[in-house]
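Asks: Structure file model-v1.pdb (PDB, C-alpha atoms and all ligand atoms) right here:
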ATOM      1  CA  MET R   1     112.906  87.258 118.679  1.00  0.00           C
ATOM      2  CA  LYS R   2     116.485  88.474 118.113  1.00  0.00           C
ATOM      3  CA  GLU R   3     116.930  91.393 115.720  1.00  0.00           C
ATOM      4  CA  GLN R   4     119.261  89.368 113.488  1.00  0.00           C
ATOM      5  CA  GLU R   5     116.678  86.568 113.193  1.00  0.00           C
ATOM      6  CA  MET R   6     113.913  89.088 112.396  1.00  0.00           C
ATOM      7  CA  ASN R   7     116.037  90.763 109.703  1.00  0.00           C
ATOM      8  CA  GLU R   8     116.557  87.378 108.057  1.00  0.00           C
ATOM      9  CA  LEU R   9     112.807  86.661 108.038  1.00  0.00           C
ATOM     10  CA  VAL R  10     112.139  90.104 106.530  1.00  0.00           C
ATOM     11  CA  GLU R  11     114.865  89.399 103.939  1.00  0.00           C
ATOM     12  CA  GLN R  12     112.965  86.188 102.989  1.00  0.00           C
ATOM     13  CA  GLY R  13     109.566  87.901 102.943  1.00  0.00           C
ATOM     14  CA  LYS R  14     108.309  85.748 105.851  1.00  0.00           C
ATOM     15  CA  MET R  15     107.918  88.913 107.908  1.00  0.00           C
ATOM     16  CA  LEU R  16     107.014  92.315 106.445  1.00  0.00           C
ATOM     17  CA  PRO R  17     107.157  95.830 107.925  1.00  0.00           C
ATOM     18  CA  LEU R  18     103.426  96.371 108.340  1.00  0.00           C
ATOM     19  CA  MET R  19     102.288  99.995 108.426  1.00  0.00           C
ATOM     20  CA  GLU R  20      98.537  99.455 108.566  1.00  0.00           C
ATOM     21  CA  GLU R  21      95.766  97.146 107.441  1.00  0.00           C
ATOM     22  CA  PHE R  22      92.148  98.126 106.924  1.00  0.00           C
ATOM     23  CA  TYR R  23      88.930  96.939 105.359  1.00  0.00           C
ATOM     24  CA  THR R  24      87.542  99.553 102.978  1.00  0.00           C
ATOM     25  CA  ILE R  25      86.327 100.170  99.446  1.00  0.00           C
ATOM     26  CA  GLN R  26      88.915 100.202  96.643  1.00  0.00           C
ATOM     27  CA  GLY R  27      88.788 103.866  95.659  1.00  0.00           C
ATOM     28  CA  GLU R  28      90.822 103.890  92.450  1.00  0.00           C
ATOM     29  CA  GLY R  29      91.109 102.324  89.027  1.00  0.00           C
ATOM     30  CA  PHE R  30      89.348  99.279  87.588  1.00  0.00           C
ATOM     31  CA  HIS R  31      88.107  97.816  90.906  1.00  0.00           C
ATOM     32  CA  LYS R  32      86.844 101.140  92.267  1.00  0.00           C
ATOM     33  CA  GLY R  33      83.755 100.545  94.416  1.00  0.00           C
ATOM     34  CA  THR R  34      84.721  97.008  95.436  1.00  0.00           C
ATOM     35  CA  ALA R  35      85.109  96.105  99.115  1.00  0.00           C
ATOM     36  CA  ALA R  36      88.656  94.979  99.825  1.00  0.00           C
ATOM     37  CA  TYR R  37      91.098  94.441 102.681  1.00  0.00           C
ATOM     38  CA  PHE R  38      94.186  96.653 102.326  1.00  0.00           C
ATOM     39  CA  ILE R  39      97.619  95.616 103.555  1.00  0.00           C
ATOM     40  CA  ARG R  40      99.989  98.585 103.585  1.00  0.00           C
ATOM     41  CA  VAL R  41     103.610  97.473 103.742  1.00  0.00           C
ATOM     42  CA  GLY R  42     106.189 100.071 104.834  1.00  0.00           C
ATOM     43  CA  GLY R  43     109.313 100.989 102.887  1.00  0.00           C
ATOM     44  CA  CYS R  44     109.705 102.985  99.674  1.00  0.00           C
ATOM     45  CA  ASP R  45     112.697 104.788  98.208  1.00  0.00           C
ATOM     46  CA  VAL R  46     111.066 106.087  95.028  1.00  0.00           C
ATOM     47  CA  GLY R  47     110.414 109.506  96.586  1.00  0.00           C
ATOM     48  CA  CYS R  48     107.437 111.024  94.705  1.00  0.00           C
ATOM     49  CA  HIS R  49     107.235 114.638  96.011  1.00  0.00           C
ATOM     50  CA  TRP R  50     103.400 114.442  96.049  1.00  0.00           C
ATOM     51  CA  CYS R  51     103.139 110.989  97.672  1.00  0.00           C
ATOM     52  CA  ASP R  52     100.058 110.816  99.905  1.00  0.00           C
ATOM     53  CA  VAL R  53     101.614 108.283 102.331  1.00  0.00           C
ATOM     54  CA  LYS R  54     105.103 109.625 103.059  1.00  0.00           C
ATOM     55  CA  GLU R  55     104.811 108.081 106.566  1.00  0.00           C
ATOM     56  CA  SER R  56     105.225 104.728 104.825  1.00  0.00           C
ATOM     57  CA  TRP R  57     108.681 105.435 103.390  1.00  0.00           C
ATOM     58  CA  ASN R  58     110.893 104.523 106.339  1.00  0.00           C
ATOM     59  CA  ALA R  59     110.513 100.762 106.799  1.00  0.00           C
ATOM     60  CA  LYS R  60     112.201 100.934 110.230  1.00  0.00           C
ATOM     61  CA  LEU R  61     109.171 102.763 111.643  1.00  0.00           C
ATOM     62  CA  HIS R  62     106.889  99.815 110.875  1.00  0.00           C
ATOM     63  CA  PRO R  63     107.029  96.620 112.931  1.00  0.00           C
ATOM     64  CA  PRO R  64     108.121  93.421 111.181  1.00  0.00           C
ATOM     65  CA  THR R  65     105.000  91.254 111.233  1.00  0.00           C
ATOM     66  CA  GLY R  66     104.673  87.568 110.412  1.00  0.00           C
ATOM     67  CA  VAL R  67     102.992  86.812 107.104  1.00  0.00           C
ATOM     68  CA  GLU R  68     100.657  84.258 108.743  1.00  0.00           C
ATOM     69  CA  THR R  69      99.399  86.947 111.144  1.00  0.00           C
ATOM     70  CA  ILE R  70      98.777  89.381 108.288  1.00  0.00           C
ATOM     71  CA  VAL R  71      96.990  86.739 106.215  1.00  0.00           C
ATOM     72  CA  GLY R  72      94.866  85.563 109.166  1.00  0.00           C
ATOM     73  CA  ASN R  73      93.525  89.093 109.685  1.00  0.00           C
ATOM     74  CA  ALA R  74      92.964  89.734 105.987  1.00  0.00           C
ATOM     75  CA  VAL R  75      90.901  86.644 105.145  1.00  0.00           C
ATOM     76  CA  LYS R  76      88.678  87.213 108.180  1.00  0.00           C
ATOM     77  CA  HIS R  77      87.434  90.372 106.456  1.00  0.00           C
ATOM     78  CA  SER R  78      87.497  89.863 102.702  1.00  0.00           C
ATOM     79  CA  LYS R  79      88.161  87.552  99.777  1.00  0.00           C
ATOM     80  CA  THR R  80      89.705  90.508  97.923  1.00  0.00           C
ATOM     81  CA  VAL R  81      93.021  91.715  99.291  1.00  0.00           C
ATOM     82  CA  VAL R  82      94.959  94.746  98.017  1.00  0.00           C
ATOM     83  CA  VAL R  83      98.656  94.847  98.827  1.00  0.00           C
ATOM     84  CA  THR R  84     100.041  98.386  98.743  1.00  0.00           C
ATOM     85  CA  GLY R  85     102.594 100.533 100.511  1.00  0.00           C
ATOM     86  CA  GLY R  86     105.087 102.023 100.511  1.00  0.00           C
ATOM     87  CA  GLU R  87     106.411 100.041  97.601  1.00  0.00           C
ATOM     88  CA  PRO R  88     105.425  96.391  98.148  1.00  0.00           C
ATOM     89  CA  LEU R  89     107.929  95.122  95.559  1.00  0.00           C
ATOM     90  CA  THR R  90     110.728  96.344  97.830  1.00  0.00           C
ATOM     91  CA  TRP R  91     110.142  92.990  99.545  1.00  0.00           C
ATOM     92  CA  ASN R  92     109.850  89.347  98.531  1.00  0.00           C
ATOM     93  CA  MET R  93     106.086  88.965  98.057  1.00  0.00           C
ATOM     94  CA  GLU R  94     106.195  85.191  97.492  1.00  0.00           C
ATOM     95  CA  PRO R  95     105.407  84.072 101.089  1.00  0.00           C
ATOM     96  CA  LEU R  96     102.566  86.595 101.500  1.00  0.00           C
ATOM     97  CA  THR R  97     100.865  85.828  98.191  1.00  0.00           C
ATOM     98  CA  SER R  98     101.215  82.038  98.372  1.00  0.00           C
ATOM     99  CA  SER R  99      99.696  82.068 101.856  1.00  0.00           C
ATOM    100  CA  LEU R 100      96.828  84.337 100.719  1.00  0.00           C
ATOM    101  CA  LYS R 101      96.262  82.067  97.695  1.00  0.00           C
ATOM    102  CA  GLU R 102      96.068  79.005  99.947  1.00  0.00           C
ATOM    103  CA  LYS R 103      93.238  80.729 101.789  1.00  0.00           C
ATOM    104  CA  GLY R 104      91.445  81.402  98.503  1.00  0.00           C
ATOM    105  CA  ALA R 105      91.912  85.184  98.354  1.00  0.00           C
ATOM    106  CA  LYS R 106      91.983  87.264  95.172  1.00  0.00           C
ATOM    107  CA  ILE R 107      95.192  89.267  95.468  1.00  0.00           C
ATOM    108  CA  HIS R 108      95.728  92.693  93.932  1.00  0.00           C
ATOM    109  CA  ILE R 109      98.847  94.847  94.046  1.00  0.00           C
ATOM    110  CA  GLU R 110      99.363  98.598  93.808  1.00  0.00           C
ATOM    111  CA  THR R 111     102.912  99.148  92.599  1.00  0.00           C
ATOM    112  CA  SER R 112     105.263 101.584  90.909  1.00  0.00           C
ATOM    113  CA  GLY R 113     106.973  98.547  89.362  1.00  0.00           C
ATOM    114  CA  ALA R 114     110.350  99.990  90.378  1.00  0.00           C
ATOM    115  CA  TYR R 115     111.584  96.579  91.579  1.00  0.00           C
ATOM    116  CA  PRO R 116     111.292  93.078  90.047  1.00  0.00           C
ATOM    117  CA  VAL R 117     107.932  91.383  90.442  1.00  0.00           C
ATOM    118  CA  THR R 118     107.786  88.740  93.155  1.00  0.00           C
ATOM    119  CA  GLY R 119     104.669  86.856  94.250  1.00  0.00           C
ATOM    120  CA  THR R 120     101.616  85.709  92.316  1.00  0.00           C
ATOM    121  CA  TRP R 121      98.917  88.275  91.531  1.00  0.00           C
ATOM    122  CA  ASP R 122      95.345  88.194  90.275  1.00  0.00           C
ATOM    123  CA  TRP R 123      95.485  91.899  89.435  1.00  0.00           C
ATOM    124  CA  ILE R 124      98.431  94.218  88.924  1.00  0.00           C
ATOM    125  CA  CYS R 125      97.909  97.967  89.008  1.00  0.00           C
ATOM    126  CA  LEU R 126     101.073  99.574  87.651  1.00  0.00           C
ATOM    127  CA  SER R 127     101.507 103.242  88.533  1.00  0.00           C
ATOM    128  CA  PRO R 128     104.857 104.152  86.970  1.00  0.00           C
ATOM    129  CA  LYS R 129     107.021 106.980  88.256  1.00  0.00           C
ATOM    130  CA  LYS R 130     109.434 109.076  86.146  1.00  0.00           C
ATOM    131  CA  ILE R 131     112.045 109.200  88.891  1.00  0.00           C
ATOM    132  CA  LYS R 132     112.387 105.391  89.135  1.00  0.00           C
ATOM    133  CA  LEU R 133     110.992 103.673  86.054  1.00  0.00           C
ATOM    134  CA  PRO R 134     109.402 100.207  86.149  1.00  0.00           C
ATOM    135  CA  THR R 135     111.466  97.107  85.427  1.00  0.00           C
ATOM    136  CA  PRO R 136     110.747  96.002  81.816  1.00  0.00           C
ATOM    137  CA  GLU R 137     108.966  92.708  82.604  1.00  0.00           C
ATOM    138  CA  ILE R 138     106.009  94.237  84.457  1.00  0.00           C
ATOM    139  CA  TYR R 139     104.600  95.952  81.345  1.00  0.00           C
ATOM    140  CA  GLN R 140     103.695  92.516  79.914  1.00  0.00           C
ATOM    141  CA  ILE R 141     101.684  91.447  82.962  1.00  0.00           C
ATOM    142  CA  ALA R 142     100.119  94.691  84.213  1.00  0.00           C
ATOM    143  CA  ASN R 143      96.291  94.612  84.175  1.00  0.00           C
ATOM    144  CA  GLU R 144      95.920  98.359  84.545  1.00  0.00           C
ATOM    145  CA  LEU R 145      98.219 101.309  84.010  1.00  0.00           C
ATOM    146  CA  LYS R 146      97.408 104.231  86.305  1.00  0.00           C
ATOM    147  CA  VAL R 147      99.429 107.359  85.578  1.00  0.00           C
ATOM    148  CA  ILE R 148      99.257 110.232  88.066  1.00  0.00           C
ATOM    149  CA  ILE R 149      98.819 113.638  86.418  1.00  0.00           C
ATOM    150  CA  PHE R 150     100.480 116.399  88.426  1.00  0.00           C
ATOM    151  CA  ASN R 151     101.273 118.720  85.513  1.00  0.00           C
ATOM    152  CA  LYS R 152     100.921 118.990  81.728  1.00  0.00           C
ATOM    153  CA  HIS R 153     104.169 117.098  81.049  1.00  0.00           C
ATOM    154  CA  ASP R 154     102.669 114.016  82.653  1.00  0.00           C
ATOM    155  CA  PHE R 155     100.416 113.424  79.609  1.00  0.00           C
ATOM    156  CA  GLN R 156     103.540 112.852  77.518  1.00  0.00           C
ATOM    157  CA  PHE R 157     104.921 110.486  80.161  1.00  0.00           C
ATOM    158  CA  ALA R 158     101.568 108.653  80.214  1.00  0.00           C
ATOM    159  CA  GLU R 159     101.785 108.038  76.445  1.00  0.00           C
ATOM    160  CA  GLU R 160     105.380 106.779  76.726  1.00  0.00           C
ATOM    161  CA  GLN R 161     104.267 104.329  79.390  1.00  0.00           C
ATOM    162  CA  ALA R 162     101.139 103.241  77.483  1.00  0.00           C
ATOM    163  CA  ALA R 163     103.336 102.388  74.487  1.00  0.00           C
ATOM    164  CA  GLN R 164     105.044  99.719  76.592  1.00  0.00           C
ATOM    165  CA  VAL R 165     102.125  97.853  78.192  1.00  0.00           C
ATOM    166  CA  ASN R 166     100.370  94.740  76.857  1.00  0.00           C
ATOM    167  CA  GLU R 167      97.279  95.179  74.651  1.00  0.00           C
ATOM    168  CA  ASN R 168      94.783  94.132  77.356  1.00  0.00           C
ATOM    169  CA  CYS R 169      96.053  96.637  79.899  1.00  0.00           C
ATOM    170  CA  ILE R 170      93.422  99.229  80.849  1.00  0.00           C
ATOM    171  CA  LEU R 171      94.679 102.823  80.776  1.00  0.00           C
ATOM    172  CA  TYR R 172      93.869 105.364  83.507  1.00  0.00           C
ATOM    173  CA  LEU R 173      94.811 108.967  84.166  1.00  0.00           C
ATOM    174  CA  GLN R 174      94.442 109.945  87.825  1.00  0.00           C
ATOM    175  CA  PRO R 175      94.796 113.547  89.008  1.00  0.00           C
ATOM    176  CA  GLU R 176      97.368 114.191  91.709  1.00  0.00           C
ATOM    177  CA  TRP R 177      95.159 115.008  94.685  1.00  0.00           C
ATOM    178  CA  SER R 178      96.583 118.404  95.729  1.00  0.00           C
ATOM    179  CA  ASN R 179      96.526 119.653  92.126  1.00  0.00           C
ATOM    180  CA  ARG R 180      93.190 118.129  91.128  1.00  0.00           C
ATOM    181  CA  GLU R 181      91.270 121.412  90.648  1.00  0.00           C
ATOM    182  CA  LYS R 182      93.842 122.527  88.112  1.00  0.00           C
ATOM    183  CA  MET R 183      94.440 119.228  86.300  1.00  0.00           C
ATOM    184  CA  MET R 184      90.932 117.707  86.257  1.00  0.00           C
ATOM    185  CA  PRO R 185      89.654 119.899  83.372  1.00  0.00           C
ATOM    186  CA  LEU R 186      92.783 119.062  81.347  1.00  0.00           C
ATOM    187  CA  ILE R 187      92.332 115.344  82.050  1.00  0.00           C
ATOM    188  CA  VAL R 188      88.662 115.500  80.998  1.00  0.00           C
ATOM    189  CA  GLU R 189      89.622 117.223  77.749  1.00  0.00           C
ATOM    190  CA  TYR R 190      92.489 114.771  77.157  1.00  0.00           C
ATOM    191  CA  VAL R 191      90.323 111.680  77.667  1.00  0.00           C
ATOM    192  CA  MET R 192      87.671 112.990  75.268  1.00  0.00           C
ATOM    193  CA  GLN R 193      90.379 113.599  72.666  1.00  0.00           C
ATOM    194  CA  ASN R 194      92.154 110.292  73.419  1.00  0.00           C
ATOM    195  CA  PRO R 195      89.439 107.816  74.401  1.00  0.00           C
ATOM    196  CA  LYS R 196      91.785 104.872  74.910  1.00  0.00           C
ATOM    197  CA  TRP R 197      92.297 106.510  78.343  1.00  0.00           C
ATOM    198  CA  LYS R 198      89.808 106.503  81.231  1.00  0.00           C
ATOM    199  CA  VAL R 199      89.623 108.815  84.251  1.00  0.00           C
ATOM    200  CA  SER R 200      90.446 107.421  87.697  1.00  0.00           C
ATOM    201  CA  LEU R 201      89.660 109.480  90.798  1.00  0.00           C
ATOM    202  CA  GLN R 202      90.630 108.797  94.399  1.00  0.00           C
ATOM    203  CA  THR R 203      86.972 108.246  95.279  1.00  0.00           C
ATOM    204  CA  HIS R 204      87.761 107.125  98.857  1.00  0.00           C
ATOM    205  CA  LYS R 205      88.942 110.677  99.595  1.00  0.00           C
ATOM    206  CA  TYR R 206      85.564 112.073  98.458  1.00  0.00           C
ATOM    207  CA  LEU R 207      83.824 109.406 100.580  1.00  0.00           C
ATOM    208  CA  ASN R 208      85.995 110.205 103.624  1.00  0.00           C
ATOM    209  CA  ILE R 209      86.964 106.573 104.096  1.00  0.00           C
ATOM    210  CA  PRO R 210      90.463 105.077 104.350  1.00  0.00           C
TER
HETATM  211  C1  LIG R 301     100.734 105.343  97.834  1.00  0.00           C
HETATM  212  S1  LIG R 301     100.965 104.385  96.395  1.00  0.00           S
HETATM  213  C2  LIG R 301     101.601 102.845  97.053  1.00  0.00           C
HETATM  214  C3  LIG R 301     101.895 101.812  95.992  1.00  0.00           C
HETATM  215  C4  LIG R 301     103.111 102.077  95.091  1.00  0.00           C
HETATM  216  N1  LIG R 301     104.208 102.630  95.793  1.00  0.00           N
HETATM  217  C5  LIG R 301     102.704 102.971  93.922  1.00  0.00           C
HETATM  218  O1  LIG R 301     103.126 104.136  93.902  1.00  0.00           O
HETATM  219  O2  LIG R 301     101.992 102.474  93.057  1.00  0.00           O
HETATM  220  C6  LIG R 301      99.272 103.921  95.931  1.00  0.00           C
HETATM  221  C7  LIG R 301      98.689 104.646  94.747  1.00  0.00           C
HETATM  222  O3  LIG R 301      98.446 106.005  95.104  1.00  0.00           O
HETATM  223  C8  LIG R 301      98.880 106.835  94.059  1.00  0.00           C
HETATM  224  N2  LIG R 301      99.135 108.149  94.656  1.00  0.00           N
HETATM  225  C9  LIG R 301     100.046 108.435  95.616  1.00  0.00           C
HETATM  226  N3  LIG R 301      99.985 109.737  95.967  1.00  0.00           N
HETATM  227  C10 LIG R 301      99.008 110.294  95.212  1.00  0.00           C
HETATM  228  C11 LIG R 301      98.473 111.611  95.102  1.00  0.00           C
HETATM  229  N4  LIG R 301      98.945 112.626  95.845  1.00  0.00           N
HETATM  230  N5  LIG R 301      97.464 111.822  94.240  1.00  0.00           N
HETATM  231  C12 LIG R 301      96.984 110.812  93.475  1.00  0.00           C
HETATM  232  N6  LIG R 301      97.439 109.543  93.529  1.00  0.00           N
HETATM  233  C13 LIG R 301      98.447 109.280  94.381  1.00  0.00           C
HETATM  234  C14 LIG R 301     100.098 106.112  93.512  1.00  0.00           C
HETATM  235  O4  LIG R 301     100.482 106.522  92.232  1.00  0.00           O
HETATM  236  C15 LIG R 301      99.599 104.683  93.522  1.00  0.00           C
HETATM  237  O5  LIG R 301      98.842 104.431  92.365  1.00  0.00           O
HETATM  238  N1  LIG R 302      90.180 103.202  99.611  1.00  0.00           N
HETATM  239  C1  LIG R 302      91.431 103.212  99.135  1.00  0.00           C
HETATM  240  N2  LIG R 302      91.648 102.820  97.865  1.00  0.00           N
HETATM  241  C2  LIG R 302      92.938 102.789  97.436  1.00  0.00           C
HETATM  242  N3  LIG R 302      93.396 102.379  96.236  1.00  0.00           N
HETATM  243  C3  LIG R 302      94.745 102.439  96.243  1.00  0.00           C
HETATM  244  C4  LIG R 302      95.165 102.909  97.481  1.00  0.00           C
HETATM  245  C5  LIG R 302      96.582 102.911  97.904  1.00  0.00           C
HETATM  246  O1  LIG R 302      96.979 103.721  98.743  1.00  0.00           O
HETATM  247  O2  LIG R 302      97.306 102.075  97.386  1.00  0.00           O
HETATM  248  C6  LIG R 302      94.024 103.158  98.244  1.00  0.00           C
HETATM  249  C7  LIG R 302      93.756 103.634  99.570  1.00  0.00           C
HETATM  250  O3  LIG R 302      94.633 104.064 100.341  1.00  0.00           O
HETATM  251  N4  LIG R 302      92.436 103.612  99.962  1.00  0.00           N
HETATM  252  S1  LIG R 303     106.233 105.010  94.696  1.00  0.00           S
HETATM  253 FE1  LIG R 303     104.242 104.996  95.724  1.00  0.00          FE
HETATM  254  S2  LIG R 303     104.687 104.939  97.961  1.00  0.00           S
HETATM  255 FE2  LIG R 303     106.602 105.401  96.889  1.00  0.00          FE
HETATM  256  S3  LIG R 303     106.711 107.635  96.985  1.00  0.00           S
HETATM  257 FE3  LIG R 303     105.720 107.137  95.023  1.00  0.00          FE
HETATM  258  S4  LIG R 303     103.523 107.100  95.440  1.00  0.00           S
HETATM  259 FE4  LIG R 303     104.582 107.070  97.436  1.00  0.00          FE
HETATM  260 MG    MG R 304      96.120 105.646  99.030  1.00  0.00          MG
END
Please express what this file holds, its structure, as structure tokens.
Ligand SMILES: C[S@@+](CC[C@H](N)C(=O)[O-])C[C@H]1O[C@@H](n2cnc3c(N)ncnc32)[C@H](O)[C@@H]1O
Ligand SMILES: Nc1nc2[nH]cc(C(=O)O)c2c(=O)[nH]1
Ligand code: SF4
Ligand SMILES: [Mg+2]
Replies:
Amino acid sequence: MKEQEMNELVEQGKMLPLMEEFYTIQGEGFHKGTAAYFIRVGGCDVGCHWCDVKESWNAKLHPPTGVETIVGNAVKHSKTVVVTGGEPLTWNMEPLTSSLKEKGAKIHIETSGAYPVTGTWDWICLSPKKIKLPTPEIYQIANELKVIIFNKHDFQFAEEQAAQVNENCILYLQPEWSNREKMMPLIVEYVMQNPKWKVSLQTHKYLNIP
């Protein structure tokens, strides 16, 4: 396929820069412990200094892959599919999610919300970032809010974000992995004092699974 043609298909969301795909256990948040197929789409310009998948940032390093190919692999493994990245909302998610829906999958997204929501989702995990705030409309439809706690100031940011989500949205504080020894005791104390919050850990890292 010509490069021009491929760029157009990526522009339309019919091809996506695919970094990796794997069948594992959802490690974080509300669906922690549930088997799911992960689709990791490359490309993110949010730039979190502690991001645990910086290899995903440059979309050019990840081969444009047809949505039908991605979907075919996913539904072979699981009825629950998690779309993550990179920042999946960099791209038009409509073709991917409508094709997954046709095959009867439950579709979850992990997103910073930094770009407008495209696609149709059964579960939206919003993990907002100070350096590129979510677009306003996602707060109304997020199913869980998962704020990463790297330092003490992040509790204040978490409250500002919680003030904007819908009333059914489940609230999580998740320690930034490299700083977890330091922040975990503060998170435990905070959640006991402010029980509207729950703790989320990156349990897949403790289990040594992807
Ligand atoms: C790698 S991101 C990809 C999806 C999207 N860009 C986002 O940030 O939500 C997946 C999840 O991992 C979280 N995350 C990334 N790096 C982390 C770290 N070092 N410690 C804890 N959570 C992290 C993000 O906040 C997000 O909830
Ligand atoms: N097992 C597992 N669970 C996850 N939940 C969110 C992840 C992500 O990187 O988006 C992730 C991941 O990378 N692995
Ligand atoms: S928004 Fe997500 S993928 Fe992008 S840098 Fe931050 S944690 Fe990493
Ligand atoms: Mg991860």
Asks: Give one line per residue of chain R that approaches ligand LIG 303 (chain R) to at most 7 Å, naming the two atoms of the closest pair and their distance in Å to one decimal, counting all atoms listed in the file; sort by chain then ascending residue number and deliver it as JSON lines.
Replies:
{"residue": "R:Cys44", "atom": "CA", "partner": "R:LIG303", "partner_atom": "FE2", "distance": 4.8}
{"residue": "R:Asp45", "atom": "CA", "partner": "R:LIG303", "partner_atom": "FE2", "distance": 6.3}
{"residue": "R:Val46", "atom": "CA", "partner": "R:LIG303", "partner_atom": "FE2", "distance": 4.9}
{"residue": "R:Gly47", "atom": "CA", "partner": "R:LIG303", "partner_atom": "S3", "distance": 4.2}
{"residue": "R:Cys48", "atom": "CA", "partner": "R:LIG303", "partner_atom": "S3", "distance": 4.1}
{"residue": "R:Cys51", "atom": "CA", "partner": "R:LIG303", "partner_atom": "FE4", "distance": 4.2}
{"residue": "R:Asp52", "atom": "CA", "partner": "R:LIG303", "partner_atom": "FE4", "distance": 6.4}
{"residue": "R:Val53", "atom": "CA", "partner": "R:LIG303", "partner_atom": "FE4", "distance": 5.9}
{"residue": "R:Lys54", "atom": "CA", "partner": "R:LIG303", "partner_atom": "FE4", "distance": 6.2}
{"residue": "R:Ser56", "atom": "CA", "partner": "R:LIG303", "partner_atom": "S2", "distance": 6.9}
{"residue": "R:Trp57", "atom": "CA", "partner": "R:LIG303", "partner_atom": "S2", "distance": 6.8}
{"residue": "R:Gly85", "atom": "CA", "partner": "R:LIG303", "partner_atom": "S2", "distance": 5.5}
{"residue": "R:Gly86", "atom": "CA", "partner": "R:LIG303", "partner_atom": "S2", "distance": 3.9}
{"residue": "R:Glu87", "atom": "CA", "partner": "R:LIG303", "partner_atom": "S2", "distance": 5.2}
{"residue": "R:Thr111", "atom": "CA", "partner": "R:LIG303", "partner_atom": "FE1", "distance": 6.8}
{"residue": "R:Ser112", "atom": "CA", "partner": "R:LIG303", "partner_atom": "S1", "distance": 5.2}
{"residue": "R:Lys129", "atom": "CA", "partner": "R:LIG303", "partner_atom": "S1", "distance": 6.8}
Asks: Using all atoms listed in the file, which of the listed residues (R:Leu100, R:Leu207, R:Val41, R:Val67) sits closest to ligand LIG 301 (chain R)?
Replies: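 Closest candidate: R:Val41.
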Asks: Hey, can you check how far CA of Asn179 in chain R sits from atom MG of ligand MG 304 (chain R)?
Replies: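 Interatomic distance here is 15.6 Å.
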Asks: Residue by residue, what does the PyMOL selection byres (((chain R and resi 173) around 10) and not hetatm) grab here? Present the result as a VMD selection string.
Replies: chain R and resid 29 127 145 to 149 154 to 155 158 171 to 172 174 to 176 184 187 to 188 190 to 191 197 to 201
Asks: Please write out the residues within 12 Å of ligand LIG 302 (chain R) as a PyMOL selection string, counting only C-alpha atoms and all ligand atoms.
Replies: chain R and resi 19-42+51-56+81-88+108-112+124-127+146+174+200-210
Asks: Which residues match the PyMOL selection byres (((chain R and resi 65) around 12) and not hetatm) in the file above, as an NGL selection string?
Replies: :R and (1 or 6-7 or 9-10 or 13-21 or 39-42 or 59 or 62-64 or 66-73 or 96)
Asks: Go ahead and save the picked residues with C-alpha atoms, as a PDB file, keeping the file's coordinate frame.
Replies:
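Listed below is the output, selection-v9.pdb:
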ATOM      1  CA  MET R   1     112.906  87.258 118.679  1.00  0.00           C
ATOM      2  CA  MET R   6     113.913  89.088 112.396  1.00  0.00           C
ATOM      3  CA  ASN R   7     116.037  90.763 109.703  1.00  0.00           C
ATOM      4  CA  LEU R   9     112.807  86.661 108.038  1.00  0.00           C
ATOM      5  CA  VAL R  10     112.139  90.104 106.530  1.00  0.00           C
ATOM      6  CA  GLY R  13     109.566  87.901 102.943  1.00  0.00           C
ATOM      7  CA  LYS R  14     108.309  85.748 105.851  1.00  0.00           C
ATOM      8  CA  MET R  15     107.918  88.913 107.908  1.00  0.00           C
ATOM      9  CA  LEU R  16     107.014  92.315 106.445  1.00  0.00           C
ATOM     10  CA  PRO R  17     107.157  95.830 107.925  1.00  0.00           C
ATOM     11  CA  LEU R  18     103.426  96.371 108.340  1.00  0.00           C
ATOM     12  CA  MET R  19     102.288  99.995 108.426  1.00  0.00           C
ATOM     13  CA  GLU R  20      98.537  99.455 108.566  1.00  0.00           C
ATOM     14  CA  GLU R  21      95.766  97.146 107.441  1.00  0.00           C
ATOM     15  CA  ILE R  39      97.619  95.616 103.555  1.00  0.00           C
ATOM     16  CA  ARG R  40      99.989  98.585 103.585  1.00  0.00           C
ATOM     17  CA  VAL R  41     103.610  97.473 103.742  1.00  0.00           C
ATOM     18  CA  GLY R  42     106.189 100.071 104.834  1.00  0.00           C
ATOM     19  CA  ALA R  59     110.513 100.762 106.799  1.00  0.00           C
ATOM     20  CA  HIS R  62     106.889  99.815 110.875  1.00  0.00           C
ATOM     21  CA  PRO R  63     107.029  96.620 112.931  1.00  0.00           C
ATOM     22  CA  PRO R  64     108.121  93.421 111.181  1.00  0.00           C
ATOM     23  CA  GLY R  66     104.673  87.568 110.412  1.00  0.00           C
ATOM     24  CA  VAL R  67     102.992  86.812 107.104  1.00  0.00           C
ATOM     25  CA  GLU R  68     100.657  84.258 108.743  1.00  0.00           C
ATOM     26  CA  THR R  69      99.399  86.947 111.144  1.00  0.00           C
ATOM     27  CA  ILE R  70      98.777  89.381 108.288  1.00  0.00           C
ATOM     28  CA  VAL R  71      96.990  86.739 106.215  1.00  0.00           C
ATOM     29  CA  GLY R  72      94.866  85.563 109.166  1.00  0.00           C
ATOM     30  CA  ASN R  73      93.525  89.093 109.685  1.00  0.00           C
ATOM     31  CA  LEU R  96     102.566  86.595 101.500  1.00  0.00           C
TER      32      LEU R  96
END
Asks: How many Å lie between CA of Lys196 in chain R and CA of Ala142 in chain R, rounded to one decimal?
Replies: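 Between these atoms lies a distance of 16.1 Å.
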Asks: If I take CA of Lys106 in chain R and CA of Gly119 in chain R, how far is one from the other in Å, to one decimal?
Replies: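 Computed distance, CA of Lys106 in chain R to CA of Gly119 in chain R, equals 12.7 Å.
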Asks: Just checking: using only C-alpha atoms, which residue out of R:Thr97, R:Gln161, R:Thr80, R:Gln140 ends up closest to Pro128 in chain R?
Replies: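 Result for the nearest residue to Pro128 in chain R: R:Gln161.
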Asks: Can you work out which one of R:Ser99, R:Asn58, R:Ala105, R:Asp122 has the shortest atom-to-atom distance to Ser78 in chain R, counting only C-alpha atoms?
Replies: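 Under the stated criterion, the closest residue is R:Ala105.
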